[in-house]
>>> print(open('query.tsv').read())   # TSV, C-alpha atoms
chain	number	residue	atom	x	y	z
A	1	MET	CA	79.51	83.77	39.19
A	2	THR	CA	75.95	82.83	38.21
A	3	ASP	CA	73.53	85.70	38.43
A	4	PHE	CA	70.58	84.72	40.66
A	5	ALA	CA	68.19	86.58	38.38
A	6	THR	CA	69.02	84.31	35.46
A	7	GLU	CA	69.47	80.97	37.18
A	8	THR	CA	68.44	77.85	35.30
A	9	ARG	CA	65.84	75.62	36.93
A	10	PRO	CA	64.73	72.16	35.76
A	11	HIS	CA	61.11	71.47	34.85
A	12	PRO	CA	59.40	68.14	35.41
A	13	GLU	CA	59.40	67.61	31.64
A	14	GLY	CA	63.18	67.94	31.61
A	15	THR	CA	63.19	71.35	29.96
A	16	THR	CA	64.53	74.50	31.57
A	17	GLU	CA	63.57	78.12	31.96
A	18	ARG	CA	65.32	81.27	33.10
A	19	ARG	CA	63.60	82.78	36.08
A	20	GLY	CA	63.94	85.60	38.53
A	21	PRO	CA	62.34	85.66	41.96
A	22	ILE	CA	59.07	87.05	40.63
A	23	GLY	CA	58.15	84.94	37.66
A	24	ASN	CA	59.72	84.54	34.25
A	25	GLN	CA	62.03	87.30	33.09
A	26	THR	CA	65.00	87.94	30.87
A	27	ASP	CA	67.74	90.50	31.19
A	28	SER	CA	66.10	92.63	28.49
A	29	GLY	CA	62.52	92.16	29.71
A	30	PRO	CA	60.46	93.49	32.64
A	31	GLY	CA	63.15	92.70	35.18
A	32	ALA	CA	65.64	94.97	33.43
A	33	LEU	CA	63.07	97.76	33.32
A	34	ASP	CA	62.32	97.24	37.01
A	35	GLY	CA	66.02	97.55	37.72
A	36	GLN	CA	66.14	100.88	35.92
A	37	GLU	CA	63.09	102.11	37.82
A	38	ALA	CA	64.59	100.98	41.13
A	39	ALA	CA	67.79	102.86	40.33
A	40	VAL	CA	65.77	106.04	39.79
A	41	ILE	CA	63.84	105.46	43.03
A	42	LEU	CA	67.04	104.95	44.99
A	43	GLU	CA	68.64	108.04	43.48
A	44	ASP	CA	65.56	110.12	44.30
A	45	THR	CA	65.59	108.72	47.82
A	46	ARG	CA	69.19	109.77	48.36
A	47	ALA	CA	68.36	113.25	47.10
A	48	SER	CA	65.44	113.50	49.53
A	49	VAL	CA	66.96	111.83	52.59
A	50	ASP	CA	70.63	112.81	52.58
A	51	PRO	CA	69.97	116.46	53.51
A	52	ALA	CA	67.94	115.29	56.52
A	53	LEU	CA	70.74	112.91	57.49
A	54	ARG	CA	73.40	115.59	57.23
A	55	THR	CA	71.31	117.98	59.31
A	56	ALA	CA	70.76	115.29	61.95
A	57	LEU	CA	74.49	114.55	62.14
A	58	ASP	CA	75.21	118.21	62.79
A	59	ALA	CA	73.81	117.62	66.29
A	60	VAL	CA	76.45	114.96	67.06
A	61	PRO	CA	79.58	116.08	68.97
A	62	GLY	CA	82.51	116.70	66.66
A	63	SER	CA	84.58	113.57	67.27
A	64	MET	CA	81.68	111.18	66.71
A	65	ARG	CA	80.33	113.30	63.86
A	66	ARG	CA	83.62	112.77	62.03
A	67	ILE	CA	83.32	109.00	62.46
A	68	ALA	CA	79.71	108.99	61.25
A	69	ARG	CA	80.51	111.13	58.24
A	70	TYR	CA	83.41	108.84	57.40
A	71	HIS	CA	81.11	105.81	57.67
A	72	PHE	CA	78.56	107.43	55.34
A	73	GLY	CA	81.31	108.18	52.83
A	74	TRP	CA	81.00	111.94	53.12
A	75	GLU	CA	84.46	112.52	54.62
A	76	HIS	CA	87.88	110.94	54.56
A	77	ALA	CA	89.45	109.76	57.80
A	78	ASP	CA	91.21	113.12	58.17
A	79	GLY	CA	87.90	115.00	57.97
A	80	THR	CA	88.32	116.34	54.43
A	81	PRO	CA	85.28	116.06	52.12
A	82	ALA	CA	84.78	112.83	50.18
A	83	THR	CA	82.34	111.62	47.56
A	84	GLY	CA	82.12	108.02	48.72
A	85	ASN	CA	79.24	105.57	48.60
A	86	ALA	CA	76.71	106.01	51.41
A	87	GLY	CA	74.94	102.77	50.53
A	88	LYS	CA	72.03	101.91	48.28
A	89	ALA	CA	69.34	103.55	50.47
A	90	ILE	CA	67.01	100.56	50.13
A	91	ARG	CA	65.41	100.97	53.55
A	92	PRO	CA	64.58	104.69	53.32
A	93	ALA	CA	63.38	104.05	49.77
A	94	LEU	CA	60.91	101.50	51.15
A	95	VAL	CA	59.61	104.09	53.63
A	96	LEU	CA	58.99	106.65	50.89
A	97	ALA	CA	57.63	104.13	48.37
A	98	SER	CA	55.20	102.73	50.94
A	99	ALA	CA	53.99	106.19	51.87
A	100	ALA	CA	53.56	107.11	48.20
A	101	ALA	CA	51.76	103.87	47.32
A	102	LEU	CA	49.23	104.30	50.12
A	103	GLY	CA	49.00	108.08	50.47
A	104	GLY	CA	50.37	109.72	47.35
A	105	PRO	CA	53.06	112.41	46.93
A	106	ALA	CA	52.06	114.38	50.04
A	107	ALA	CA	52.53	111.32	52.25
A	108	ARG	CA	55.90	110.64	50.66
A	109	THR	CA	57.06	114.16	51.43
A	110	ALA	CA	55.82	113.91	55.00
A	111	ALA	CA	57.71	110.64	55.52
A	112	VAL	CA	61.20	111.93	54.67
A	113	ARG	CA	62.12	112.33	58.33
A	114	ALA	CA	60.96	108.79	59.06
A	115	ALA	CA	63.01	107.54	56.11
A	116	ALA	CA	66.09	109.29	57.51
A	117	ALA	CA	65.44	107.70	60.92
A	118	VAL	CA	65.34	104.23	59.38
A	119	GLU	CA	68.61	104.89	57.54
A	120	LEU	CA	70.25	106.05	60.77
A	121	VAL	CA	69.19	102.85	62.53
A	122	HIS	CA	70.48	100.75	59.65
A	123	ASN	CA	73.87	102.43	59.83
A	124	PHE	CA	73.96	102.07	63.61
A	125	THR	CA	73.69	98.31	63.06
A	126	LEU	CA	76.41	98.36	60.41
A	127	LEU	CA	78.86	100.15	62.67
A	128	HIS	CA	78.24	97.65	65.46
A	129	ASP	CA	78.16	94.59	63.19
A	130	ASP	CA	81.53	95.49	61.69
A	131	VAL	CA	83.07	95.61	65.16
A	132	MET	CA	81.53	92.33	66.27
A	133	ASP	CA	82.28	90.51	63.03
A	134	ARG	CA	85.74	92.12	62.70
A	135	ASP	CA	84.95	93.07	59.12
A	136	THR	CA	87.70	95.29	57.76
A	137	THR	CA	86.05	96.55	54.57
A	138	ARG	CA	82.69	98.16	53.83
A	139	ARG	CA	81.66	100.10	50.75
A	140	HIS	CA	85.09	99.60	49.23
A	141	ARG	CA	87.10	101.17	52.04
A	142	PRO	CA	88.26	100.38	55.60
A	143	THR	CA	85.50	100.04	58.19
A	144	ALA	CA	85.16	102.72	60.86
A	145	TRP	CA	86.50	100.58	63.70
A	146	THR	CA	89.70	99.83	61.79
A	147	VAL	CA	90.28	103.56	61.38
A	148	PHE	CA	89.03	105.01	64.67
A	149	GLY	CA	89.03	102.01	67.03
A	150	ASP	CA	86.34	99.77	68.48
A	151	ALA	CA	85.08	102.08	71.20
A	152	ASP	CA	84.71	105.13	68.96
A	153	ALA	CA	82.90	103.17	66.26
A	154	ILE	CA	80.48	101.67	68.82
A	155	LEU	CA	79.76	105.07	70.36
A	156	ALA	CA	79.17	106.61	66.93
A	157	GLY	CA	76.66	103.83	66.25
A	158	ASP	CA	74.94	104.52	69.57
A	159	ALA	CA	74.66	108.18	68.61
A	160	LEU	CA	73.03	107.28	65.27
A	161	GLN	CA	70.40	105.18	67.04
A	162	ALA	CA	69.58	108.02	69.44
A	163	LEU	CA	69.41	110.47	66.54
A	164	ALA	CA	66.93	108.24	64.74
A	165	LEU	CA	64.51	108.12	67.64
A	166	GLY	CA	65.01	111.84	68.24
A	167	LEU	CA	64.04	112.64	64.65
A	168	LEU	CA	60.71	110.90	65.13
A	169	ALA	CA	60.15	112.29	68.63
A	170	GLU	CA	60.53	115.84	67.27
A	171	ASP	CA	58.36	115.25	64.20
A	172	PRO	CA	55.01	117.09	64.45
A	173	HIS	CA	53.33	114.60	62.12
A	174	PRO	CA	50.46	112.74	63.87
A	175	ALA	CA	51.99	109.37	62.93
A	176	SER	CA	55.31	110.08	64.62
A	177	PRO	CA	54.53	108.61	68.09
A	178	ALA	CA	53.43	105.29	66.60
A	179	ALA	CA	56.40	105.37	64.23
A	180	ALA	CA	58.84	106.02	67.07
A	181	ALA	CA	57.39	103.17	69.12
A	182	ARG	CA	57.57	100.82	66.15
A	183	LEU	CA	61.14	101.76	65.33
A	184	ALA	CA	62.20	101.35	68.98
A	185	ALA	CA	60.65	97.87	69.06
A	186	CYS	CA	62.45	97.08	65.83
A	187	VAL	CA	65.80	98.07	67.36
A	188	VAL	CA	65.20	95.59	70.19
A	189	GLU	CA	64.39	92.90	67.62
A	190	LEU	CA	67.53	93.77	65.64
A	191	CYS	CA	69.63	93.39	68.78
A	192	ALA	CA	67.97	90.06	69.56
A	193	GLY	CA	68.75	88.88	66.06
A	194	GLN	CA	72.38	89.92	66.34
A	195	HIS	CA	72.61	88.23	69.75
A	196	ALA	CA	71.22	85.03	68.24
A	197	ASP	CA	73.71	85.30	65.39
A	198	THR	CA	76.70	85.57	67.72
A	199	ALA	CA	75.35	82.74	69.89
A	200	LEU	CA	75.06	80.46	66.87
A	201	GLU	CA	78.73	80.96	66.10
A	202	LYS	CA	79.63	79.32	69.42
A	203	ARG	CA	77.75	76.15	68.58
A	204	GLY	CA	79.03	73.22	66.58
A	205	PRO	CA	78.15	72.71	62.91
A	206	ALA	CA	75.69	69.92	63.76
A	207	GLU	CA	73.93	71.93	66.50
A	208	VAL	CA	72.18	74.54	64.35
A	209	THR	CA	68.84	74.15	62.56
A	210	LEU	CA	67.47	75.95	59.53
A	211	ASP	CA	64.49	77.22	61.51
A	212	GLU	CA	66.83	78.91	64.00
A	213	VAL	CA	68.85	80.59	61.28
A	214	LEU	CA	65.75	81.75	59.39
A	215	ALA	CA	64.34	83.25	62.60
A	216	MET	CA	67.66	85.00	63.22
A	217	ALA	CA	67.71	86.37	59.67
A	218	GLU	CA	64.16	87.69	59.98
A	219	ALA	CA	65.12	89.54	63.15
A	220	LYS	CA	68.42	90.88	61.81
A	221	THR	CA	67.31	91.85	58.29
A	222	GLY	CA	63.60	91.33	57.75
A	223	ALA	CA	62.58	93.32	60.81
A	224	LEU	CA	64.03	96.63	59.62
A	225	LEU	CA	62.76	96.27	56.06
A	226	GLY	CA	59.32	95.45	57.46
A	227	CYS	CA	59.52	98.39	59.84
A	228	ALA	CA	60.53	100.69	56.97
A	229	CYS	CA	57.43	99.71	54.99
A	230	ALA	CA	55.22	99.99	58.09
A	231	LEU	CA	56.49	103.51	58.84
A	232	GLY	CA	55.63	104.60	55.32
A	233	ALA	CA	52.15	103.15	55.78
A	234	LEU	CA	51.75	104.94	59.11
A	235	TYR	CA	52.61	108.27	57.50
A	236	ALA	CA	50.02	107.54	54.83
A	237	GLY	CA	47.38	107.24	57.56
A	238	VAL	CA	46.04	103.83	56.51
A	239	PRO	CA	44.24	101.29	58.76
A	240	ALA	CA	46.24	99.01	61.05
A	241	GLN	CA	45.70	95.94	58.87
A	242	ASP	CA	47.37	97.68	55.94
A	243	VAL	CA	50.28	98.75	58.12
A	244	ASP	CA	50.71	95.13	59.22
A	245	ALA	CA	50.48	93.88	55.62
A	246	LEU	CA	53.25	96.27	54.58
A	247	ASP	CA	55.33	95.11	57.54
A	248	ALA	CA	54.86	91.48	56.47
A	249	PHE	CA	55.76	92.38	52.87
A	250	GLY	CA	58.99	93.99	54.01
A	251	ARG	CA	59.88	91.11	56.30
A	252	GLN	CA	59.50	88.53	53.55
A	253	ALA	CA	61.39	90.71	51.09
A	254	GLY	CA	64.02	91.15	53.79
A	255	LEU	CA	64.46	87.41	54.13
A	256	ALA	CA	64.87	87.16	50.36
A	257	PHE	CA	67.39	89.99	50.57
A	258	GLN	CA	69.37	88.18	53.27
A	259	LEU	CA	69.34	84.92	51.36
A	260	ILE	CA	70.81	86.63	48.32
A	261	ASP	CA	73.23	88.61	50.48
A	262	ASP	CA	74.50	85.36	51.96
A	263	VAL	CA	74.94	83.92	48.47
A	264	ILE	CA	76.87	87.02	47.41
A	265	GLY	CA	78.94	86.78	50.59
A	266	ILE	CA	80.25	83.41	49.42
A	267	TRP	CA	80.26	83.68	45.63
A	268	GLY	CA	80.32	87.46	45.05
A	269	ASP	CA	83.10	89.28	43.23
A	270	PRO	CA	85.08	91.38	45.76
A	271	ARG	CA	85.64	94.02	43.05
A	272	ARG	CA	81.89	94.59	43.02
A	273	THR	CA	80.92	93.83	46.62
A	274	GLY	CA	83.72	95.77	48.32
A	275	LYS	CA	84.26	92.84	50.72
A	276	PRO	CA	86.87	90.06	50.73
A	277	ALA	CA	85.74	86.85	49.02
A	278	GLY	CA	84.59	84.16	51.41
A	279	ALA	CA	84.89	86.29	54.54
A	280	ASP	CA	81.85	84.60	56.11
A	281	LEU	CA	83.29	81.16	55.41
A	282	ALA	CA	86.64	82.15	56.85
A	283	ALA	CA	84.88	83.38	60.01
A	284	ARG	CA	82.94	80.09	60.09
A	285	LYS	CA	79.66	82.01	60.09
A	286	LYS	CA	76.55	79.88	59.91
A	287	SER	CA	74.89	81.77	57.09
A	288	LEU	CA	71.72	80.48	55.46
A	289	PRO	CA	73.38	78.63	52.55
A	290	VAL	CA	75.92	77.08	54.92
A	291	VAL	CA	73.31	75.75	57.34
A	292	ALA	CA	71.18	74.47	54.47
A	293	ALA	CA	74.24	72.62	53.24
A	294	LEU	CA	75.11	71.29	56.69
A	295	VAL	CA	71.65	69.75	57.22
A	296	SER	CA	71.39	68.28	53.69
A	297	GLY	CA	72.60	64.82	54.73
A	298	THR	CA	74.93	64.63	51.71
A	299	PRO	CA	78.59	63.55	51.64
A	300	ALA	CA	79.46	67.19	50.94
A	301	ALA	CA	77.62	68.15	54.14
A	302	ALA	CA	79.88	65.84	56.14
A	303	GLU	CA	82.92	67.39	54.48
A	304	LEU	CA	81.64	70.87	55.26
A	305	ALA	CA	80.96	69.97	58.89
A	306	GLU	CA	84.49	68.68	59.21
A	307	LEU	CA	85.89	71.91	57.76
A	308	TYR	CA	83.68	74.07	59.97
A	309	GLY	CA	84.79	72.13	63.02
A	310	LEU	CA	88.39	73.27	62.50
A	311	PRO	CA	89.99	76.73	62.60
A	312	TYR	CA	90.14	78.38	59.20
A	313	ALA	CA	93.26	77.85	57.12
A	314	PRO	CA	93.86	79.97	53.98
A	315	GLY	CA	93.94	76.93	51.74
A	316	ASP	CA	90.46	75.84	52.87
A	317	LEU	CA	88.43	78.56	51.14
A	318	GLU	CA	87.98	76.93	47.74
A	319	ARG	CA	87.26	73.54	49.27
A	320	THR	CA	84.73	75.03	51.70
A	321	THR	CA	82.99	77.00	48.96
A	322	LEU	CA	82.68	73.90	46.78
A	323	ALA	CA	81.35	71.86	49.70
A	324	VAL	CA	78.55	74.38	50.34
A	325	GLU	CA	77.58	74.31	46.68
A	326	ARG	CA	77.77	70.53	46.27
A	327	ALA	CA	75.65	70.08	49.40
A	328	GLY	CA	72.94	72.25	47.84
A	329	GLY	CA	73.33	75.38	49.96
A	330	ARG	CA	73.45	77.78	47.04
A	331	ALA	CA	70.49	76.25	45.20
A	332	TRP	CA	68.42	76.12	48.39
A	333	ALA	CA	69.08	79.80	49.14
A	334	GLN	CA	68.07	80.82	45.63
A	335	GLU	CA	64.88	78.77	45.76
A	336	GLN	CA	64.03	80.13	49.20
A	337	ALA	CA	64.54	83.69	48.00
A	338	ALA	CA	62.04	83.09	45.22
A	339	ASP	CA	59.54	81.57	47.67
A	340	ARG	CA	59.91	84.45	50.12
A	341	MET	CA	59.34	86.97	47.35
A	342	ALA	CA	56.13	85.17	46.38
A	343	LEU	CA	54.95	85.54	49.97
A	344	ALA	CA	55.98	89.20	49.95
A	345	MET	CA	53.93	89.84	46.83
A	346	SER	CA	50.91	88.22	48.44
A	347	GLU	CA	51.19	90.48	51.49
A	348	LEU	CA	51.66	93.58	49.34
A	349	ALA	CA	48.54	92.78	47.35
A	350	ARG	CA	46.50	92.83	50.58
A	351	ALA	CA	47.26	96.50	51.14
A	352	VAL	CA	47.94	97.73	47.60
A	353	PRO	CA	45.98	95.55	45.16
A	354	ASP	CA	46.66	97.79	42.15
A	355	PRO	CA	50.04	96.77	40.64
A	356	GLU	CA	50.50	100.20	39.08
A	357	THR	CA	50.08	101.92	42.43
A	358	ALA	CA	52.45	99.40	44.01
A	359	GLY	CA	54.98	99.85	41.21
A	360	GLY	CA	57.69	101.49	43.30
A	361	LEU	CA	57.56	98.79	45.97
A	362	LEU	CA	57.53	96.05	43.34
A	363	SER	CA	60.60	97.53	41.66
A	364	LEU	CA	62.48	97.75	44.96
A	365	ALA	CA	61.53	94.20	45.89
A	366	GLU	CA	62.74	93.01	42.51
A	367	PHE	CA	65.96	94.97	42.89
A	368	VAL	CA	66.97	93.44	46.21
A	369	THR	CA	66.70	89.89	44.90
A	370	ARG	CA	68.20	90.44	41.46
A	371	ARG	CA	71.32	92.25	42.65
A	372	THR	CA	74.77	90.73	42.27
A	373	THR	CA	76.74	93.27	44.31
>>> encode(input="query.tsv", output="structure tokens")
Amino acid sequence: MTDFATETRPHPEGTTERRGPIGNQTDSGPGALDGQEAAVILEDTRASVDPALRTALDAVPGSMRRIARYHFGWEHADGTPATGNAGKAIRPALVLASAAALGGPAARTAAVRAAAAVELVHNFTLLHDDVMDRDTTRRHRPTAWTVFGDADAILAGDALQALALGLLAEDPHPASPAAAARLAACVVELCAGQHADTALEKRGPAEVTLDEVLAMAEAKTGALLGCACALGALYAGVPAQDVDALDAFGRQAGLAFQLIDDVIGIWGDPRRTGKPAGADLAARKKSLPVVAALVSGTPAAAELAELYGLPYAPGDLERTTLAVERAGGRAWAQEQAADRMALAMSELARAVPDPETAGGLLSLAEFVTRRTT
């Protein structure tokens, strides 16, 4: 699998260069250092936010609490303690990094509850998405619905959403009312994005446009990353235009994140991703690389449309994967991710013009588009 961070791109002169989404980098250069810094930020975020999450989950009735703790990787299905993976904590890290960039350490500390709320909303969406998409694996183990059933997994997700809004409603910080309203609006947008996603699956391969899929991806993924950054800005007490700039930064970074996630969903190594290879293709999902391939007008696009018009057969996976790549879907997604990150950097500079002050946010943005798992 080609790492997106070190893809080769042609120059007009016929030469090539190795590029990441934010300019020229090598694996031993600034990008590698940013990756190390992001890892530290994410680890610090987990240390700050997990206690708030565990405390919040204590308020959930026992049966649903067990499901939620299983989903977070803190318990096995039988309720015994586990040391599983609770996720990368990208979204709460964006809350805390935004607060720190705009308001310093005190703002970061004040925003921990908001960061926990964002992580609860994210996991609410994961629980529901797994049910709707019939995904059987997440974070290298069976999804909650496969263990506890559809209804219990959905109800546990509902409880996480309510907990998130409750955390903000009970927060005495002066920014909490605006944060709660913004997060609630984001949940509606997330649901609209998921609804659009499921509706697209019912349409034929030739009936979906790139603009529709990009709008869906912004709602499903970009909205929560933008909201996370905006909540951090709110807790830093900055003017509305800076809050909006941070929201726009997160949305564009979120689109880049989704583009790379879709690439990984097709070409990722299951041993690293924790998900079956080609699951999206098998489900005939109209992910961003797939739709880009379908509308390319190439012979491979016609082949892909034919494959997508038929029920999945196990022998089709390799052929379908090759068709997406030959039709340019992978290259388009990588290029788009780079373009979206350039837009994200422009929005970030509006609110935080000093690169050193914005360092944490820059490292996280770099991380989400350089990842391979």
>>> axis_aligned_box(input="query.tsv", around="stretch 234-245 of chain A", padding_each_side="8 Å", output="JSON")
{"center_x": 48.4, "center_y": 101.1, "center_z": 57.9, "size_x": 24.4, "size_y": 30.4, "size_z": 22.2}
>>> residues_around(input="query.tsv", residues="A:Ala230", least_positions_apart="4", cutoff="9 Å", atoms="all atoms listed in the file", output="PDB file with C-alpha atoms, in the coordinates of the input")
ATOM      1  CA  VAL A  95      59.610 104.090  53.630  1.00  0.00           C
ATOM      2  CA  SER A  98      55.200 102.730  50.940  1.00  0.00           C
ATOM      3  CA  ALA A  99      53.990 106.190  51.870  1.00  0.00           C
ATOM      4  CA  ALA A 179      56.400 105.370  64.230  1.00  0.00           C
ATOM      5  CA  ARG A 182      57.570 100.820  66.150  1.00  0.00           C
ATOM      6  CA  LEU A 225      62.760  96.270  56.060  1.00  0.00           C
ATOM      7  CA  GLY A 226      59.320  95.450  57.460  1.00  0.00           C
ATOM      8  CA  LEU A 234      51.750 104.940  59.110  1.00  0.00           C
ATOM      9  CA  TYR A 235      52.610 108.270  57.500  1.00  0.00           C
ATOM     10  CA  ASP A 242      47.370  97.680  55.940  1.00  0.00           C
ATOM     11  CA  VAL A 243      50.280  98.750  58.120  1.00  0.00           C
ATOM     12  CA  ASP A 244      50.710  95.130  59.220  1.00  0.00           C
ATOM     13  CA  ALA A 245      50.480  93.880  55.620  1.00  0.00           C
ATOM     14  CA  LEU A 246      53.250  96.270  54.580  1.00  0.00           C
ATOM     15  CA  ASP A 247      55.330  95.110  57.540  1.00  0.00           C
ATOM     16  CA  ALA A 248      54.860  91.480  56.470  1.00  0.00           C
ATOM     17  CA  GLY A 250      58.990  93.990  54.010  1.00  0.00           C
TER      18      GLY A 250
END
>>> atom_distance(input="query.tsv", atom1="atom CA of A:Ile264", atom2="atom CA of A:Ala282")
14.4 Å
>>> closest_atom_pairs(input="query.tsv", of="stretch 95-115 of chain A", to="stretch 41-46 of chain A", cutoff="10 Å", atoms="all atoms listed in the file", output="tab-separated table")
residue	atom	partner	partner_atom	distance
A:Val95	CA	A:Thr45	CA	9.5
A:Leu96	CA	A:Thr45	CA	7.6
A:Ala97	CA	A:Ile41	CA	8.3
A:Val112	CA	A:Thr45	CA	8.7
A:Ala115	CA	A:Thr45	CA	8.8
>>> residues_around(input="query.tsv", residues="A:Ala101", least_positions_apart="2", cutoff="9 Å", atoms="only C-alpha atoms", output="list in words")
Leu96, Ala97, Ser98, Ala99, Gly103, Gly104, Pro105, Ala107, Arg108, Gly232, Ala233, Ala236, Val352, Thr357, Ala358, Gly359, Gly360 and Leu361 of chain A
>>> atom_distance(input="query.tsv", atom1="atom CA of A:Ala301", atom2="atom CA of A:Arg203")
16.5 Å
>>> atom_distance(input="query.tsv", atom1="atom CA of A:Val368", atom2="atom CA of A:Ala228")
14.5 Å
>>> closest_residue(input="query.tsv", among="A:Ala283, A:Ala86, A:Leu102, A:Val49", to="A:Pro353", atoms="only C-alpha atoms")
A:Leu102
>>> closest_residue(input="query.tsv", among="A:Ala52, A:Val324, A:Val291, A:Ala114", to="A:Thr209", atoms="all atoms listed in the file")
A:Val291
>>> residues_around(input="query.tsv", residues="stretch 306-316 of chain A", least_positions_apart="5", cutoff="12 Å", atoms="only C-alpha atoms", output="ChimeraX atom specification")
/A:201-207,277-286,290-291,293-294,299-301,321-324
>>> write_last_selection(input="query.tsv", atoms="C-alpha atoms", output="compact mmCIF listing (two decimals), in the frame of the given file")
# COMPACT_ATOMS: atom_id res chain seq x y z
CA GLU A 201 78.73 80.96 66.10
CA LYS A 202 79.63 79.32 69.42
CA ARG A 203 77.75 76.15 68.58
CA GLY A 204 79.03 73.22 66.58
CA PRO A 205 78.15 72.71 62.91
CA ALA A 206 75.69 69.92 63.76
CA GLU A 207 73.93 71.93 66.50
CA ALA A 277 85.74 86.85 49.02
CA GLY A 278 84.59 84.16 51.41
CA ALA A 279 84.89 86.29 54.54
CA ASP A 280 81.85 84.60 56.11
CA LEU A 281 83.29 81.16 55.41
CA ALA A 282 86.64 82.15 56.85
CA ALA A 283 84.88 83.38 60.01
CA ARG A 284 82.94 80.09 60.09
CA LYS A 285 79.66 82.01 60.09
CA LYS A 286 76.55 79.88 59.91
CA VAL A 290 75.92 77.08 54.92
CA VAL A 291 73.31 75.75 57.34
CA ALA A 293 74.24 72.62 53.24
CA LEU A 294 75.11 71.29 56.69
CA PRO A 299 78.59 63.55 51.64
CA ALA A 300 79.46 67.19 50.94
CA ALA A 301 77.62 68.15 54.14
CA THR A 321 82.99 77.00 48.96
CA LEU A 322 82.68 73.90 46.78
CA ALA A 323 81.35 71.86 49.70
CA VAL A 324 78.55 74.38 50.34
>>> closest_residue(input="query.tsv", among="A:Ala162, A:Ala219, A:Arg134, A:Arg370", to="A:Asp150", atoms="all atoms listed in the file")
A:Arg134
>>> closest_residue(input="query.tsv", among="A:Gln252, A:Thr198, A:Ser48, A:Gln36", to="A:Glu347", atoms="all atoms listed in the file")
A:Gln252
>>> residues_around(input="query.tsv", residues="A:Asp171", least_positions_apart="4", cutoff="8 Å", atoms="all atoms listed in the file", output="list in words")
Arg113, Leu167 and Ser176 of chain A
